[in-house]
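Heads up, start.csv below (CSV, C-alpha atoms and all ligand atoms):
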chain,number,residue,atom,x,y,z
H,1,MET,CA,58.1,-99.2,306.1
H,2,GLU,CA,57.3,-100.8,309.5
H,3,ALA,CA,57.0,-104.6,309.2
H,4,ASN,CA,53.6,-104.8,311.0
H,5,ILE,CA,52.1,-102.2,308.7
H,6,ARG,CA,53.5,-104.1,305.6
H,7,GLU,CA,51.8,-107.2,306.9
H,8,SER,CA,48.4,-105.7,307.4
H,9,ILE,CA,48.4,-103.9,304.0
H,10,ALA,CA,49.7,-106.9,302.1
H,11,GLY,CA,46.3,-108.7,301.7
H,12,GLY,CA,44.6,-105.7,300.1
H,13,LYS,CA,44.3,-104.4,296.6
H,14,LYS,CA,43.7,-100.7,297.0
H,15,LEU,CA,45.8,-98.6,299.3
H,16,GLY,CA,45.0,-95.0,300.2
H,17,ILE,CA,47.8,-92.7,301.1
H,18,MET,CA,47.2,-89.6,303.2
H,19,GLY,CA,50.2,-87.4,303.4
H,20,GLY,CA,50.4,-84.3,305.4
H,21,THR,CA,52.3,-82.3,308.0
H,22,PHE,CA,49.6,-83.0,310.5
H,23,ASP,CA,50.7,-80.1,312.8
H,24,PRO,CA,48.3,-81.0,314.3
H,25,ILE,CA,45.9,-83.6,312.7
H,26,HIS,CA,42.3,-82.5,312.7
H,27,TYR,CA,38.8,-83.7,311.6
H,28,GLY,CA,39.3,-82.3,308.1
H,29,HIS,CA,42.1,-84.9,307.5
H,30,MET,CA,40.1,-87.7,309.0
H,31,VAL,CA,36.9,-87.0,307.1
H,32,ALA,CA,38.9,-86.7,303.9
H,33,ALA,CA,40.6,-90.1,304.5
H,34,GLU,CA,37.4,-91.9,305.5
H,35,THR,CA,35.2,-90.5,302.7
H,36,ALA,CA,37.8,-91.4,300.1
H,37,ARG,CA,38.2,-94.9,301.6
H,38,ILE,CA,34.5,-95.6,301.4
H,39,GLU,CA,33.9,-94.0,298.0
H,40,PHE,CA,36.8,-95.7,296.3
H,41,GLY,CA,36.6,-99.0,298.2
H,42,LEU,CA,40.1,-98.7,299.6
H,43,ASP,CA,41.2,-101.5,301.9
H,44,ARG,CA,43.4,-99.3,304.0
H,45,VAL,CA,44.5,-95.7,304.4
H,46,LEU,CA,48.0,-95.1,305.4
H,47,PHE,CA,48.7,-91.7,307.0
H,48,ILE,CA,52.3,-90.6,306.4
H,49,PRO,CA,53.4,-87.5,308.4
H,50,THR,CA,56.0,-85.6,306.5
H,51,GLY,CA,59.6,-85.4,307.8
H,52,SER,CA,60.9,-82.1,306.6
H,53,PRO,CA,58.3,-81.0,304.1
H,54,PRO,CA,59.7,-79.1,301.0
H,55,HIS,CA,56.7,-76.7,301.0
H,56,LYS,CA,56.9,-75.7,304.6
H,57,GLU,CA,60.6,-74.7,305.0
H,58,ASN,CA,59.6,-71.2,305.8
H,59,ARG,CA,58.0,-72.0,309.1
H,60,LEU,CA,58.9,-74.0,312.1
H,61,VAL,CA,57.2,-77.4,312.0
H,62,SER,CA,56.6,-79.2,315.3
H,63,ASP,CA,58.8,-82.2,316.2
H,64,ALA,CA,58.0,-85.1,313.9
H,65,ASN,CA,57.5,-87.5,316.8
H,66,LEU,CA,54.9,-85.3,318.4
H,67,ARG,CA,53.1,-85.0,315.0
H,68,TYR,CA,53.3,-88.7,314.6
H,69,GLU,CA,51.9,-89.4,318.1
H,70,MET,CA,49.0,-87.1,317.5
H,71,VAL,CA,48.1,-89.0,314.3
H,72,GLU,CA,48.5,-92.3,316.1
H,73,MET,CA,46.1,-91.5,318.9
H,74,SER,CA,43.6,-90.1,316.4
H,75,ILE,CA,43.3,-93.1,314.2
H,76,GLN,CA,43.3,-95.8,317.0
H,77,SER,CA,39.6,-96.5,316.8
H,78,ASN,CA,39.6,-97.0,313.0
H,79,LYS,CA,41.0,-100.4,312.1
H,80,ASP,CA,41.4,-99.4,308.4
H,81,PHE,CA,43.6,-96.4,309.2
H,82,MET,CA,47.3,-96.7,309.8
H,83,VAL,CA,50.3,-94.4,310.3
H,84,SER,CA,53.8,-94.9,309.1
H,85,ARG,CA,57.1,-93.3,310.2
H,86,MET,CA,58.6,-93.8,306.8
H,87,GLU,CA,59.0,-90.1,306.0
H,88,ILE,CA,59.9,-88.9,309.4
H,89,ASP,CA,62.7,-91.4,309.7
H,90,ARG,CA,64.1,-90.5,306.3
H,91,GLU,CA,67.0,-88.0,306.3
H,92,GLY,CA,66.7,-84.6,304.5
H,93,THR,CA,63.8,-83.2,302.4
H,94,THR,CA,61.1,-85.8,301.9
H,95,TYR,CA,59.5,-85.9,298.5
H,96,THR,CA,56.1,-87.5,297.9
H,97,VAL,CA,57.4,-89.2,294.7
H,98,ASP,CA,60.1,-91.1,296.7
H,99,THR,CA,57.6,-92.3,299.2
H,100,LEU,CA,55.3,-93.5,296.5
H,101,ARG,CA,58.2,-95.3,294.8
H,102,ILE,CA,59.0,-97.1,298.0
H,103,ILE,CA,55.4,-98.1,298.5
H,104,HIS,CA,55.0,-99.2,294.9
H,105,ASN,CA,58.2,-101.4,295.2
H,106,ILE,CA,56.9,-103.0,298.3
H,107,PHE,CA,53.4,-103.6,296.9
H,108,PRO,CA,53.8,-103.7,293.1
H,109,GLN,CA,50.3,-105.3,292.6
H,110,GLN,CA,48.4,-102.7,294.6
H,111,ASP,CA,46.6,-99.7,293.2
H,112,LEU,CA,47.8,-96.7,295.1
H,113,TYR,CA,45.5,-93.7,295.7
H,114,PHE,CA,47.0,-90.5,296.9
H,115,ILE,CA,44.4,-88.5,298.8
H,116,THR,CA,44.8,-84.7,298.8
H,117,GLY,CA,42.7,-81.6,299.4
H,118,THR,CA,42.0,-79.2,296.6
H,119,ASP,CA,44.5,-76.7,297.9
H,120,ALA,CA,47.3,-79.2,297.5
H,121,LEU,CA,45.9,-80.5,294.2
H,122,LYS,CA,46.2,-77.0,292.9
H,123,GLU,CA,49.9,-77.0,293.8
H,124,MET,CA,50.5,-80.4,292.5
H,125,LEU,CA,52.0,-79.4,289.1
H,126,THR,CA,54.7,-77.6,291.0
H,127,TRP,CA,55.7,-80.7,292.9
H,128,HIS,CA,59.0,-82.5,292.4
H,129,GLU,CA,58.5,-85.2,289.6
H,130,HIS,CA,54.7,-84.6,289.6
H,131,GLU,CA,54.2,-86.6,286.4
H,132,GLU,CA,55.8,-89.6,288.1
H,133,ILE,CA,53.6,-89.1,291.1
H,134,ILE,CA,50.5,-89.4,289.0
H,135,ARG,CA,51.9,-92.5,287.3
H,136,LEU,CA,52.6,-94.1,290.6
H,137,ALA,CA,49.3,-93.3,292.2
H,138,LYS,CA,45.8,-92.4,291.3
H,139,ILE,CA,44.9,-89.0,292.8
H,140,ILE,CA,41.8,-88.4,294.8
H,141,GLY,CA,41.2,-84.7,295.2
H,142,VAL,CA,38.8,-84.0,298.1
H,143,SER,CA,36.9,-80.7,298.3
H,144,ARG,CA,38.1,-78.2,300.8
H,145,PRO,CA,36.2,-75.0,301.8
H,146,GLY,CA,37.8,-71.9,300.4
H,147,TYR,CA,39.6,-73.7,297.5
H,148,ASP,CA,37.7,-74.0,294.3
H,149,SER,CA,39.1,-76.6,292.0
H,150,LYS,CA,36.6,-76.9,289.3
H,151,ASN,CA,39.0,-76.6,286.4
H,152,MET,CA,41.9,-78.3,288.1
H,153,ILE,CA,41.5,-81.7,286.6
H,154,GLU,CA,41.1,-80.2,283.1
H,155,LYS,CA,44.1,-78.1,283.6
H,156,ILE,CA,46.2,-81.0,284.6
H,157,SER,CA,44.9,-83.3,281.9
H,158,GLN,CA,45.5,-80.7,279.2
H,159,LYS,CA,49.1,-80.6,280.1
H,160,TYR,CA,49.3,-84.3,280.7
H,161,PRO,CA,46.6,-86.2,278.8
H,162,PHE,CA,47.5,-89.5,280.5
H,163,THR,CA,46.3,-88.1,283.8
H,164,LYS,CA,42.7,-87.9,282.7
H,165,LYS,CA,41.8,-91.3,284.1
H,166,ARG,CA,44.1,-91.0,287.1
H,167,ILE,CA,42.7,-88.0,288.9
H,168,ALA,CA,39.2,-87.9,290.5
H,169,GLN,CA,37.5,-85.4,292.6
H,170,ILE,CA,35.0,-86.0,295.4
H,171,GLU,CA,32.9,-83.8,297.5
H,172,ILE,CA,33.3,-84.4,301.2
H,173,PRO,CA,31.4,-82.8,304.1
H,174,ALA,CA,32.8,-79.3,304.2
H,175,LEU,CA,35.0,-78.6,307.3
H,176,ALA,CA,36.7,-75.3,307.2
H,177,ILE,CA,39.4,-76.5,309.6
H,178,SER,CA,43.1,-76.0,309.1
H,179,SER,CA,46.2,-76.8,311.2
H,180,THR,CA,47.3,-73.2,310.8
H,181,ASP,CA,44.0,-71.9,312.2
H,182,ILE,CA,44.3,-74.4,315.1
H,183,ARG,CA,47.8,-73.3,315.9
H,184,MET,CA,46.8,-69.6,315.9
H,185,ARG,CA,43.8,-70.4,318.1
H,186,VAL,CA,45.9,-72.1,320.7
H,187,ALA,CA,48.4,-69.2,320.6
H,188,ASN,CA,45.5,-66.7,321.1
H,189,ASP,CA,43.7,-68.8,323.8
H,190,LYS,CA,40.7,-69.5,321.6
H,191,PRO,CA,38.9,-72.8,321.7
H,192,ILE,CA,39.8,-75.8,319.5
H,193,ARG,CA,37.5,-78.3,321.1
H,194,TYR,CA,35.5,-80.3,318.4
H,195,LEU,CA,37.9,-79.3,315.7
H,196,LEU,CA,40.1,-82.3,316.4
H,197,PRO,CA,40.0,-85.4,318.5
H,198,ASP,CA,39.8,-84.7,322.2
H,199,GLU,CA,43.0,-86.7,323.0
H,200,VAL,CA,44.9,-84.5,320.6
H,201,ARG,CA,43.5,-81.3,322.2
H,202,LEU,CA,44.6,-82.5,325.6
H,203,PHE,CA,48.0,-83.6,324.2
H,204,ILE,CA,48.5,-80.1,322.8
H,205,LYS,CA,47.6,-78.6,326.2
H,206,ASN,CA,49.9,-81.0,328.2
H,207,LYS,CA,52.9,-80.5,325.9
H,208,GLY,CA,52.4,-76.8,325.6
H,209,LEU,CA,52.3,-77.0,321.8
H,210,TYR,CA,51.5,-73.9,319.8
H,211,ASN,CA,51.6,-71.6,322.7
H,212,GLN,CA,52.4,-68.0,322.0
H,213,GLU,CA,56.1,-68.5,322.6
H,214,SER,CA,56.5,-71.1,319.9
H,215,VAL,CA,54.1,-69.5,317.4
H,216,ARG,CA,55.9,-66.2,317.8
H,217,LYS,CA,59.0,-67.8,316.4
H,218,THR,CA,57.3,-68.5,313.1
H,219,PRO,CA,57.2,-66.1,310.2
H,220,PHE,CA,53.4,-66.1,309.9
H,221,SER,CA,53.0,-64.3,313.2
H,222,SER,CA,52.2,-60.6,313.1
H,223,GLU,CA,55.3,-59.7,315.0
G,1,LIG,P1,48.5,-76.2,307.4
G,1,LIG,O1,47.5,-75.2,307.7
G,1,LIG,O2,49.6,-76.3,308.4
G,1,LIG,O3,48.9,-76.3,306.0
G,1,LIG,P2,46.4,-78.2,306.9
G,1,LIG,O4,45.2,-78.1,307.7
G,1,LIG,O5,46.4,-77.7,305.5
G,1,LIG,O6,47.7,-77.6,307.7
G,1,LIG,P3,48.1,-80.4,306.0
G,1,LIG,O7,48.8,-81.3,306.9
G,1,LIG,O8,48.8,-79.3,305.3
G,1,LIG,O9,46.9,-79.7,306.9
G,1,LIG,O10,47.2,-81.2,305.0
G,1,LIG,C1,47.3,-82.6,304.6
G,1,LIG,C2,46.3,-82.9,303.6
G,1,LIG,O11,45.0,-82.8,304.1
G,1,LIG,C3,46.4,-82.0,302.3
G,1,LIG,O12,46.2,-82.7,301.2
G,1,LIG,C4,45.2,-81.0,302.6
G,1,LIG,O13,44.7,-80.5,301.4
G,1,LIG,C5,44.2,-81.9,303.3
G,1,LIG,N1,43.3,-81.2,304.1
G,1,LIG,C6,43.6,-80.5,305.3
G,1,LIG,N2,42.5,-80.0,305.8
G,1,LIG,C7,41.5,-80.3,305.1
G,1,LIG,C8,40.1,-80.0,305.2
G,1,LIG,N3,39.6,-79.3,306.1
G,1,LIG,N4,39.3,-80.5,304.2
G,1,LIG,C9,39.8,-81.3,303.2
G,1,LIG,N5,41.1,-81.6,303.1
G,1,LIG,C10,41.9,-81.1,304.0
G,2,MG,MG,48.2,-77.4,304.3
Represent the structure contained in this file as C-alpha cells.
Ligand code: ATP
Ligand code: MG
Amino acid sequence: MEANIRESIAGGKKLGIMGGTFDPIHYGHMVAAETARIEFGLDRVLFIPTGSPPHKENRLVSDANLRYEMVEMSIQSNKDFMVSRMEIDREGTTYTVDTLRIIHNIFPQQDLYFITGTDALKEMLTWHEHEEIIRLAKIIGVSRPGYDSKNMIEKISQKYPFTKKRIAQIEIPALAISSTDIRMRVANDKPIRYLLPDEVRLFIKNKGLYNQESVRKTPFSSE
C-alpha cells in the first residue's frame, strides 16, 4: 500500500474498504461509502479498484489506470476518502481475502469494515475464502435497488454462526445506478449526466471510453 495512504490511515481505529471494478465509478458507490462511513463512525474509507477481478473475466474491463484515475478525481473533495493502487498493481487474479490480509497486517489494531452492495453480499458465500474474509473484516451490506437481501444475513449466519455479529445491513438513499448501465448508455448515446461526477463524465467523453466500438467487443452486447 502507498506510503502516504498508510500514514493518513495510521491514526484511525476504523477503516472502511470499498472494493469495486469502478468501470466507471458513479454516485451509487459514493453514497454507499459515505453513508457507511457516517453510520459506523469510520475514520476513512479506502477505495480499492480491482486489478483483474475474478467475477468479471467474461467481459473486457477498462484499463486499470483509467478506472483508478476516475476514482481519484471523484473522491478529491472528500478528505476521508482515499484510493489505493494495491490491487491494480498486483499480478494475476486479485482476491478480496488477500487484500484484506495485507491491510490487516499493516494495521493489526484497526477494525476493518468491508462495504458492499446487496448484490455482492448475495454472492459473498461463493467468494474465495469467504469465511476468512468475514473474520478479517466486518461486513457492511448497503441496500441496492433491485436486490432484496432480507434473508441474506440469516442465511450466512446459519451457515457460519460466528458471522452473526460481523455482518450488518444499512439502508442508503436508493440510486438505481450501475456501471453496466452507464457503459450501455454511453454506447447508445444516451445521457449519463448526474449519474456520476461531472469530471468523470468528461473524462469518459475525452478518452472515448465505452463507445460503441469498445462495448461491441464485450459479450453482453446484443451482437
Ligand atoms: P457493474 O455493473 O460493472 O457490475 P456496479 O455498478 O455494480 O458495476 P461495481 O464496481 O461492480 O459497480 O460495485 C462495487 C461495489 O459497489 C459493490 O459492492 C456494489 O454492490 C456496490 N454498488 C454499486 N452500485 C451501487 C448502488 N447503486 N447502490 C449501492 N451499492 C452499489
Ligand atoms: Mg457490480
Within 8 Å of ligand LIG 1 (chain G), counting only C-alpha atoms and all ligand atoms, residues as a ChimeraX atom specification: /H:18-29,31-32,49,115-121,142-145,172,174-181
Residue nearest Gly12 of chain H among H:Leu112, H:Glu171, H:Ala64, H:Val97 (counting only C-alpha atoms): H:Leu112
Answer as JSON, numbers by chain, residues within 9 Å of (43.0, -94.3, 296.6) using all atoms listed in the file: {"H": [14, 15, 16, 17, 36, 37, 40, 41, 42, 44, 45, 111, 112, 113, 114, 115, 137, 138, 139, 140]}
12 Å contact set for Val200 of chain H, only C-alpha atoms, chain neighbours under 3 positions out, as number ranges by chain: H: 22-27, 66-76, 182, 192-197, 203-209
Residue nearest Glu91 of chain H among H:Asp63, H:Gly51, H:His104, H:His130 (counting all atoms listed in the file): H:Gly51
Computed interatomic separation between atom CA of Arg201 of chain H and atom CA of Asn78 of chain H (Å):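 Distance between the two atoms: 18.6 Å.
With distances restricted to only C-alpha atoms, H:Val61 is the closest residue to Arg183 of chain H from H:Tyr95, H:Arg90, H:Arg135, H:Val61.
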Residue with smallest distance to ligand MG 2 (chain G) - pool H:Arg101, H:Lys190, H:Lys122, H:Lys165, counting only C-alpha atoms and all ligand atoms: H:Lys122
Residue nearest Lys155 of chain H among H:Asp189, H:Glu123, H:Glu87, H:Glu2 (counting only C-alpha atoms):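 For Lys155 of chain H, the nearest of the given residues is H:Glu123.
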Counting only C-alpha atoms and all ligand atoms, the residue of H:Asn151, H:Gln169, H:Thr35, H:Thr50 that sits nearest ligand MG 2 (chain G):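 Using only C-alpha atoms and all ligand atoms, the shortest distance to ligand MG 2 (chain G) belongs to H:Thr50.
The space separating atom CA of Pro173 of chain H from atom CA of Glu34 of chain H comes to 11.0 Å.
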Selection: 10 Å around Arg6 of chain H, all atoms listed in the file, excl. self and same-chain fewer than 6 positions, as a list in words: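 Those residues are Ser84, Ile103, Ile106 and Phe107 of chain H.
The gap separating atom CA of Asn65 of chain H from atom CA of Gln212 of chain H is 20.8 Å, in Å to one decimal.
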